[in-house]
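Asker: Below is target05.pdb; it holds PDB, C-alpha atoms and all ligand atoms.
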ATOM      1  CA  THR A 265     171.291  87.615 190.383  1.00  0.00           C
ATOM      2  CA  THR A 266     169.799  91.072 190.735  1.00  0.00           C
ATOM      3  CA  ASN A 267     171.416  93.195 193.396  1.00  0.00           C
ATOM      4  CA  ARG A 268     171.959  96.783 194.440  1.00  0.00           C
ATOM      5  CA  THR A 269     174.631  99.433 194.439  1.00  0.00           C
ATOM      6  CA  PHE A 270     174.845 102.948 195.811  1.00  0.00           C
ATOM      7  CA  THR A 271     175.892 106.065 193.921  1.00  0.00           C
ATOM      8  CA  MET A 272     175.916 109.796 194.385  1.00  0.00           C
ATOM      9  CA  ILE A 273     176.298 112.523 191.797  1.00  0.00           C
ATOM     10  CA  LYS A 274     178.920 114.815 193.335  1.00  0.00           C
ATOM     11  CA  PRO A 275     178.749 118.596 193.880  1.00  0.00           C
ATOM     12  CA  ASP A 276     180.644 119.617 190.736  1.00  0.00           C
ATOM     13  CA  ALA A 277     178.414 117.600 188.412  1.00  0.00           C
ATOM     14  CA  VAL A 278     175.187 118.733 190.135  1.00  0.00           C
ATOM     15  CA  ALA A 279     176.286 122.406 190.087  1.00  0.00           C
ATOM     16  CA  ASP A 280     177.204 122.142 186.402  1.00  0.00           C
ATOM     17  CA  GLY A 281     173.740 120.869 185.508  1.00  0.00           C
ATOM     18  CA  HIS A 282     174.727 117.315 184.554  1.00  0.00           C
ATOM     19  CA  THR A 283     172.276 115.504 186.865  1.00  0.00           C
ATOM     20  CA  GLY A 284     169.761 114.695 184.129  1.00  0.00           C
ATOM     21  CA  ALA A 285     172.377 113.574 181.596  1.00  0.00           C
ATOM     22  CA  ILE A 286     174.025 111.295 184.163  1.00  0.00           C
ATOM     23  CA  ILE A 287     170.712 109.732 185.242  1.00  0.00           C
ATOM     24  CA  GLN A 288     169.896 109.133 181.582  1.00  0.00           C
ATOM     25  CA  LEU A 289     173.172 107.218 181.095  1.00  0.00           C
ATOM     26  CA  ILE A 290     172.499 105.184 184.256  1.00  0.00           C
ATOM     27  CA  GLU A 291     168.988 104.166 183.156  1.00  0.00           C
ATOM     28  CA  ALA A 292     170.121 103.510 179.570  1.00  0.00           C
ATOM     29  CA  ALA A 293     172.681 101.073 180.998  1.00  0.00           C
ATOM     30  CA  GLY A 294     169.836  99.064 182.537  1.00  0.00           C
ATOM     31  CA  PHE A 295     169.876 100.233 186.155  1.00  0.00           C
ATOM     32  CA  ARG A 296     166.567 100.705 187.960  1.00  0.00           C
ATOM     33  CA  ILE A 297     166.388 103.616 190.406  1.00  0.00           C
ATOM     34  CA  VAL A 298     165.361 102.209 193.798  1.00  0.00           C
ATOM     35  CA  ALA A 299     165.786 105.470 195.760  1.00  0.00           C
ATOM     36  CA  ILE A 300     166.834 109.022 194.850  1.00  0.00           C
ATOM     37  CA  LYS A 301     167.028 112.459 196.465  1.00  0.00           C
ATOM     38  CA  LYS A 302     168.857 115.780 196.320  1.00  0.00           C
ATOM     39  CA  THR A 303     170.560 116.827 199.548  1.00  0.00           C
ATOM     40  CA  GLN A 304     173.705 118.440 200.944  1.00  0.00           C
ATOM     41  CA  LEU A 305     176.196 116.956 203.421  1.00  0.00           C
ATOM     42  CA  SER A 306     177.770 118.885 206.258  1.00  0.00           C
ATOM     43  CA  ALA A 307     181.564 118.502 206.457  1.00  0.00           C
ATOM     44  CA  ASP A 308     181.070 116.260 209.528  1.00  0.00           C
ATOM     45  CA  ARG A 309     178.628 113.991 207.726  1.00  0.00           C
ATOM     46  CA  ALA A 310     180.884 113.829 204.667  1.00  0.00           C
ATOM     47  CA  GLY A 311     183.636 112.781 207.078  1.00  0.00           C
ATOM     48  CA  GLN A 312     181.441 109.972 208.403  1.00  0.00           C
ATOM     49  CA  PHE A 313     180.591 108.777 204.907  1.00  0.00           C
ATOM     50  CA  TYR A 314     184.275 108.685 203.910  1.00  0.00           C
ATOM     51  CA  ALA A 315     185.609 107.533 207.322  1.00  0.00           C
ATOM     52  CA  VAL A 316     187.399 104.633 205.597  1.00  0.00           C
ATOM     53  CA  HIS A 317     189.674 107.257 203.975  1.00  0.00           C
ATOM     54  CA  GLN A 318     190.458 109.222 207.130  1.00  0.00           C
ATOM     55  CA  GLU A 319     194.166 108.417 207.120  1.00  0.00           C
ATOM     56  CA  ARG A 320     194.569 109.493 203.493  1.00  0.00           C
ATOM     57  CA  PRO A 321     196.216 112.851 202.699  1.00  0.00           C
ATOM     58  CA  PHE A 322     193.207 113.920 200.618  1.00  0.00           C
ATOM     59  CA  TYR A 323     190.612 113.255 203.373  1.00  0.00           C
ATOM     60  CA  GLY A 324     190.234 116.865 204.605  1.00  0.00           C
ATOM     61  CA  ASP A 325     189.905 118.255 201.085  1.00  0.00           C
ATOM     62  CA  LEU A 326     187.507 115.474 200.160  1.00  0.00           C
ATOM     63  CA  CYS A 327     185.187 116.267 203.097  1.00  0.00           C
ATOM     64  CA  GLN A 328     185.267 119.966 202.239  1.00  0.00           C
ATOM     65  CA  TYR A 329     184.543 119.286 198.577  1.00  0.00           C
ATOM     66  CA  MET A 330     181.771 116.761 199.244  1.00  0.00           C
ATOM     67  CA  SER A 331     180.000 119.267 201.522  1.00  0.00           C
ATOM     68  CA  SER A 332     180.471 122.221 199.134  1.00  0.00           C
ATOM     69  CA  GLY A 333     177.137 121.846 197.345  1.00  0.00           C
ATOM     70  CA  ALA A 334     174.165 119.660 196.587  1.00  0.00           C
ATOM     71  CA  ILE A 335     174.591 115.974 195.793  1.00  0.00           C
ATOM     72  CA  VAL A 336     172.179 113.398 194.360  1.00  0.00           C
ATOM     73  CA  PRO A 337     172.470 110.050 196.171  1.00  0.00           C
ATOM     74  CA  MET A 338     170.745 107.020 194.652  1.00  0.00           C
ATOM     75  CA  ILE A 339     170.297 103.310 195.231  1.00  0.00           C
ATOM     76  CA  LEU A 340     170.342 101.365 191.962  1.00  0.00           C
ATOM     77  CA  GLU A 341     169.354  97.818 191.059  1.00  0.00           C
ATOM     78  CA  LYS A 342     170.554  95.556 188.259  1.00  0.00           C
ATOM     79  CA  GLU A 343     172.111  92.200 187.698  1.00  0.00           C
ATOM     80  CA  ASN A 344     175.764  92.395 188.866  1.00  0.00           C
ATOM     81  CA  ALA A 345     175.094  95.984 189.967  1.00  0.00           C
ATOM     82  CA  VAL A 346     178.325  96.856 191.833  1.00  0.00           C
ATOM     83  CA  ALA A 347     180.780  95.714 189.151  1.00  0.00           C
ATOM     84  CA  ASP A 348     178.688  96.864 186.193  1.00  0.00           C
ATOM     85  CA  PHE A 349     178.209 100.293 187.738  1.00  0.00           C
ATOM     86  CA  ARG A 350     181.926 100.729 188.354  1.00  0.00           C
ATOM     87  CA  ALA A 351     182.513  99.854 184.698  1.00  0.00           C
ATOM     88  CA  LEU A 352     179.906 102.457 183.671  1.00  0.00           C
ATOM     89  CA  ILE A 353     181.500 105.269 185.708  1.00  0.00           C
ATOM     90  CA  GLY A 354     185.150 104.478 184.866  1.00  0.00           C
ATOM     91  CA  ALA A 355     188.387 104.957 186.780  1.00  0.00           C
ATOM     92  CA  THR A 356     188.604 107.293 189.821  1.00  0.00           C
ATOM     93  CA  ASN A 357     191.134 109.435 187.972  1.00  0.00           C
ATOM     94  CA  PRO A 358     189.380 110.816 184.867  1.00  0.00           C
ATOM     95  CA  GLU A 359     192.688 110.778 182.983  1.00  0.00           C
ATOM     96  CA  GLN A 360     192.535 106.978 183.270  1.00  0.00           C
ATOM     97  CA  ALA A 361     188.791 106.652 182.647  1.00  0.00           C
ATOM     98  CA  ALA A 362     187.803 104.740 179.516  1.00  0.00           C
ATOM     99  CA  GLU A 363     186.071 106.417 176.590  1.00  0.00           C
ATOM    100  CA  GLY A 364     182.297 106.480 177.024  1.00  0.00           C
ATOM    101  CA  THR A 365     182.345 106.288 180.826  1.00  0.00           C
ATOM    102  CA  ILE A 366     180.517 108.831 182.998  1.00  0.00           C
ATOM    103  CA  ARG A 367     183.763 110.086 184.533  1.00  0.00           C
ATOM    104  CA  LYS A 368     185.387 110.427 181.095  1.00  0.00           C
ATOM    105  CA  LYS A 369     182.471 112.653 180.109  1.00  0.00           C
ATOM    106  CA  PHE A 370     181.915 114.672 183.277  1.00  0.00           C
ATOM    107  CA  ALA A 371     184.790 114.415 185.786  1.00  0.00           C
ATOM    108  CA  LYS A 372     187.068 117.418 186.246  1.00  0.00           C
ATOM    109  CA  SER A 373     189.783 115.935 188.463  1.00  0.00           C
ATOM    110  CA  VAL A 374     190.559 112.915 190.647  1.00  0.00           C
ATOM    111  CA  GLN A 375     188.659 114.649 193.466  1.00  0.00           C
ATOM    112  CA  ALA A 376     185.857 116.339 191.522  1.00  0.00           C
ATOM    113  CA  ASN A 377     185.178 113.140 189.613  1.00  0.00           C
ATOM    114  CA  ALA A 378     181.424 113.627 189.091  1.00  0.00           C
ATOM    115  CA  ILE A 379     180.111 110.435 190.666  1.00  0.00           C
ATOM    116  CA  HIS A 380     180.658 107.794 193.343  1.00  0.00           C
ATOM    117  CA  GLY A 381     180.093 104.050 193.047  1.00  0.00           C
ATOM    118  CA  SER A 382     180.222 101.503 195.891  1.00  0.00           C
ATOM    119  CA  ASP A 383     183.097  99.027 195.748  1.00  0.00           C
ATOM    120  CA  SER A 384     181.319  95.980 197.229  1.00  0.00           C
ATOM    121  CA  ASP A 385     177.846  94.617 197.989  1.00  0.00           C
ATOM    122  CA  GLU A 386     178.513  95.132 201.685  1.00  0.00           C
ATOM    123  CA  ASN A 387     179.520  98.797 201.256  1.00  0.00           C
ATOM    124  CA  ALA A 388     176.601  99.379 198.891  1.00  0.00           C
ATOM    125  CA  ALA A 389     174.189  98.367 201.667  1.00  0.00           C
ATOM    126  CA  ILE A 390     175.992 100.487 204.282  1.00  0.00           C
ATOM    127  CA  GLU A 391     176.205 103.542 202.022  1.00  0.00           C
ATOM    128  CA  GLY A 392     172.585 103.230 200.872  1.00  0.00           C
ATOM    129  CA  SER A 393     171.408 103.130 204.478  1.00  0.00           C
ATOM    130  CA  PHE A 394     173.496 106.222 205.230  1.00  0.00           C
ATOM    131  CA  PHE A 395     171.088 108.245 203.049  1.00  0.00           C
ATOM    132  CA  PHE A 396     167.823 106.295 202.874  1.00  0.00           C
ATOM    133  CA  ALA A 397     165.415 104.737 205.365  1.00  0.00           C
ATOM    134  CA  ASP A 398     164.120 101.228 204.652  1.00  0.00           C
ATOM    135  CA  LEU A 399     160.706 102.646 203.663  1.00  0.00           C
ATOM    136  CA  GLU A 400     162.378 104.776 200.969  1.00  0.00           C
ATOM    137  CA  LYS A 401     163.995 101.808 199.246  1.00  0.00           C
ATOM    138  CA  PHE A 402     161.631 100.293 196.714  1.00  0.00           C
TER     139      PHE A 402
HETATM  140  P1  LIG B   1     185.088 107.991 195.400  1.00  0.00           P
HETATM  141  O1  LIG B   1     184.997 106.842 194.467  1.00  0.00           O
HETATM  142  O2  LIG B   1     183.833 108.646 195.798  1.00  0.00           O
HETATM  143  O3  LIG B   1     185.856 107.528 196.731  1.00  0.00           O
HETATM  144  C1  LIG B   1     186.783 108.301 197.414  1.00  0.00           C
HETATM  145  C2  LIG B   1     186.995 109.663 196.791  1.00  0.00           C
HETATM  146  O4  LIG B   1     188.162 110.316 197.218  1.00  0.00           O
HETATM  147  C3  LIG B   1     187.180 109.519 195.290  1.00  0.00           C
HETATM  148  O5  LIG B   1     185.995 109.122 194.675  1.00  0.00           O
HETATM  149  C4  LIG B   1     187.703 110.892 194.951  1.00  0.00           C
HETATM  150  O6  LIG B   1     186.689 111.886 194.927  1.00  0.00           O
HETATM  151  C5  LIG B   1     188.603 111.136 196.144  1.00  0.00           C
HETATM  152  N1  LIG B   1     189.988 110.748 195.854  1.00  0.00           N
HETATM  153  C6  LIG B   1     190.470 109.508 195.637  1.00  0.00           C
HETATM  154  N2  LIG B   1     191.787 109.531 195.400  1.00  0.00           N
HETATM  155  C7  LIG B   1     192.153 110.833 195.477  1.00  0.00           C
HETATM  156  C8  LIG B   1     193.372 111.502 195.324  1.00  0.00           C
HETATM  157  N3  LIG B   1     194.499 110.843 195.053  1.00  0.00           N
HETATM  158  N4  LIG B   1     193.372 112.831 195.465  1.00  0.00           N
HETATM  159  C9  LIG B   1     192.238 113.500 195.749  1.00  0.00           C
HETATM  160  N5  LIG B   1     191.028 112.906 195.897  1.00  0.00           N
HETATM  161  C10 LIG B   1     190.988 111.588 195.763  1.00  0.00           C
END
Would you mind writing the structure in this file as C-alpha cells?
Answerer:
Amino acid sequence: TTNRTFTMIKPDAVADGHTGAIIQLIEAAGFRIVAIKKTQLSADRAGQFYAVHQERPFYGDLCQYMSSGAIVPMILEKENAVADFRALIGATNPEQAAEGTIRKKFAKSVQANAIHGSDSDENAAIEGSFFFADLEKF
C-alpha cells in the first residue's frame, strides 16, 4: 500500500548545492513529493525535532549542526515509503553506506550525512507535521 515518509536535506548538502541532484534521485526512485520547503531551524527547534536523541553524546553537536544553515524538509509518498527510502539513502555512517545510495554520494561524516529519513510510519507522520500544516500536504 502507498504510504508516506519524511525527509530533510541537511545543511551541508544544501550549502554545497546538492539539493537538485538529491531531489532528482528521490523522484527517479519513484517517490512523489507531497510537500517541500526550504527553511532553517533554530537550535531549540532542532532540539525538539531530535528530542528522542537527547541522552546521546552527540545531541548538542547535532542540534548545532542542524541549525547551522538552510534545510529542505519534504514529505514523500510511495509504496513501502519508509523502508524503501531508508534503502535509497543508505546507512547513517557514510563509510557503511552502500554504493549508489544518497549518503554514499553526498554525506561527509556520520553527523553531516546529507539527508534524514524517518524510521517508522508513526515517526514519519510526527516529523512531517513538525514542518507542514495539513493544508500543505497534498
Ligand atoms: P539522522 O538519521 O537524521 O538521525 C539522527 C542523526 O544524528 C543522524 O542522522 C546523524 O546526523 C546524527 N548522528 C547519529 N549517530 C551519530 C554519531 N555517532 N555521531 C554524531 N552524529 C550522529
Asker: Could the centre and edge lengths of an axis-aligned box, enclosing all atoms of segment 327-333 of chain A in the file with 5 Å extra on each side, be given in Å to one decimal as JSON?
Answerer:
{"center_x": 181.2, "center_y": 119.2, "center_z": 200.2, "size_x": 18.1, "size_y": 16.0, "size_z": 15.8}
Asker: Write out as a JSON list (two decimals) with C-alpha atoms, in the coordinates of the input each polymer residue whose atoms come within 7 Å of segment 338-342 of chain A, counting all atoms listed in the file; drop sequence neighbours fewer than 4 positions from it.
Answerer:
[["chain", "number", "residue", "atom", "x", "y", "z"],
["A", 266, "THR", "CA", 169.80, 91.07, 190.74],
["A", 267, "ASN", "CA", 171.42, 93.20, 193.40],
["A", 268, "ARG", "CA", 171.96, 96.78, 194.44],
["A", 269, "THR", "CA", 174.63, 99.43, 194.44],
["A", 270, "PHE", "CA", 174.84, 102.95, 195.81],
["A", 271, "THR", "CA", 175.89, 106.06, 193.92],
["A", 272, "MET", "CA", 175.92, 109.80, 194.38],
["A", 294, "GLY", "CA", 169.84, 99.06, 182.54],
["A", 295, "PHE", "CA", 169.88, 100.23, 186.16],
["A", 296, "ARG", "CA", 166.57, 100.70, 187.96],
["A", 297, "ILE", "CA", 166.39, 103.62, 190.41],
["A", 298, "VAL", "CA", 165.36, 102.21, 193.80],
["A", 299, "ALA", "CA", 165.79, 105.47, 195.76],
["A", 300, "ILE", "CA", 166.83, 109.02, 194.85],
["A", 301, "LYS", "CA", 167.03, 112.46, 196.46],
["A", 392, "GLY", "CA", 172.58, 103.23, 200.87]]
Asker: Could you list the protein, DNA and RNA residues that have any atom within 6 Å of ligand LIG 1 (chain B), counting all atoms listed in the file, and write them as an NGL selection string?
Answerer: :A and (322 or 326 or 356 or 374-377 or 380-381)
Asker: I'd like the interatomic distance between atom CA of Gly354 of chain A and atom CA of Gly333 of chain A, to a tenth of an Å.
Answerer: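 Value for the atom CA of Gly354 of chain A-atom CA of Gly333 of chain A distance: 22.8 Å.
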Asker: Hey, which of A:Gln318, A:Asn387, A:Lys369, A:Gly364 ends up closest to Ala277 of chain A? Count all atoms listed in the file.
Answerer: A:Lys369
Asker: Would you mind telling me which residue in A:Ile273, A:Leu352, A:Ala334, A:Leu305 lies nearest to Ala292 of chain A when using only C-alpha atoms?
Answerer: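 Of all the options, A:Leu352 lies closest to Ala292 of chain A.
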Asker: What gap, in Å, lies between atom CA of Met330 of chain A and atom CA of Asn344 of chain A?
Answerer: 27.2 Å
Asker: Quick one: residues within 8 Å of Gly311 of chain A, all atoms listed in the file, excluding same-chain residues fewer than 4 positions away - as a list in words?
Answerer: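 The residues that qualify are Ala307, Ala315, Gln318, Tyr323 and Cys327 of chain A.
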Asker: Convert the current residue selection to file output with C-alpha atoms, as a CSV table (one decimal), in the frame of the given file.
Answerer:
chain,number,residue,atom,x,y,z
A,307,ALA,CA,181.6,118.5,206.5
A,315,ALA,CA,185.6,107.5,207.3
A,318,GLN,CA,190.5,109.2,207.1
A,323,TYR,CA,190.6,113.3,203.4
A,327,CYS,CA,185.2,116.3,203.1
Asker: Report the distance between atom CA of Ala310 of chain A and atom CA of Glu343 of chain A in Å, rounded to one decimal place.
Answerer: 28.9 Å
Asker: From the set A:Glu391, A:Asp325, A:Asp383, A:Asp308, which residue has the shortest atom-to-atom contact distance to Phe349 of chain A, counting only C-alpha atoms?
Answerer: A:Asp383
Asker: Using the chain letters and numbers from the file, which residues does the PyMOL selection byres (((chain A and resi 335) around 6) and not hetatm) grab, as a PyMOL selection string?
Answerer: chain A and resi 273-275+302-304+334+336
Asker: With C-alpha atoms retained, write the just-selected residues as an mmCIF file, in the frame of the given file.
Answerer:
data_model
loop_
_atom_site.group_PDB
_atom_site.id
_atom_site.type_symbol
_atom_site.label_atom_id
_atom_site.label_comp_id
_atom_site.auth_asym_id
_atom_site.auth_seq_id
_atom_site.Cartn_x
_atom_site.Cartn_y
_atom_site.Cartn_z
ATOM 1 C CA ILE A 273 176.298 112.523 191.797
ATOM 2 C CA LYS A 274 178.920 114.815 193.335
ATOM 3 C CA PRO A 275 178.749 118.596 193.880
ATOM 4 C CA LYS A 302 168.857 115.780 196.320
ATOM 5 C CA THR A 303 170.560 116.827 199.548
ATOM 6 C CA GLN A 304 173.705 118.440 200.944
ATOM 7 C CA ALA A 334 174.165 119.660 196.587
ATOM 8 C CA VAL A 336 172.179 113.398 194.360
#
Asker: At a cut-off of 8 Å from (183.1, 96.9, 192.0) in the coordinates of the file, what residues are picked up using all atoms listed in the file, written as a list of chain:residue names?
Answerer: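 Every polymer residue passing the test: A:Val346, A:Ala347, A:Asp348, A:Phe349, A:Arg350, A:Ala351, A:Gly381, A:Ser382, A:Asp383, A:Ser384.
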Asker: If you apply the PyMOL selection byres (((chain A and resi 286) around 9) and not hetatm) to this file, what residues do you get, as a PyMOL selection string?
Answerer: chain A and resi 273+277+282-285+287-291+366+370+379
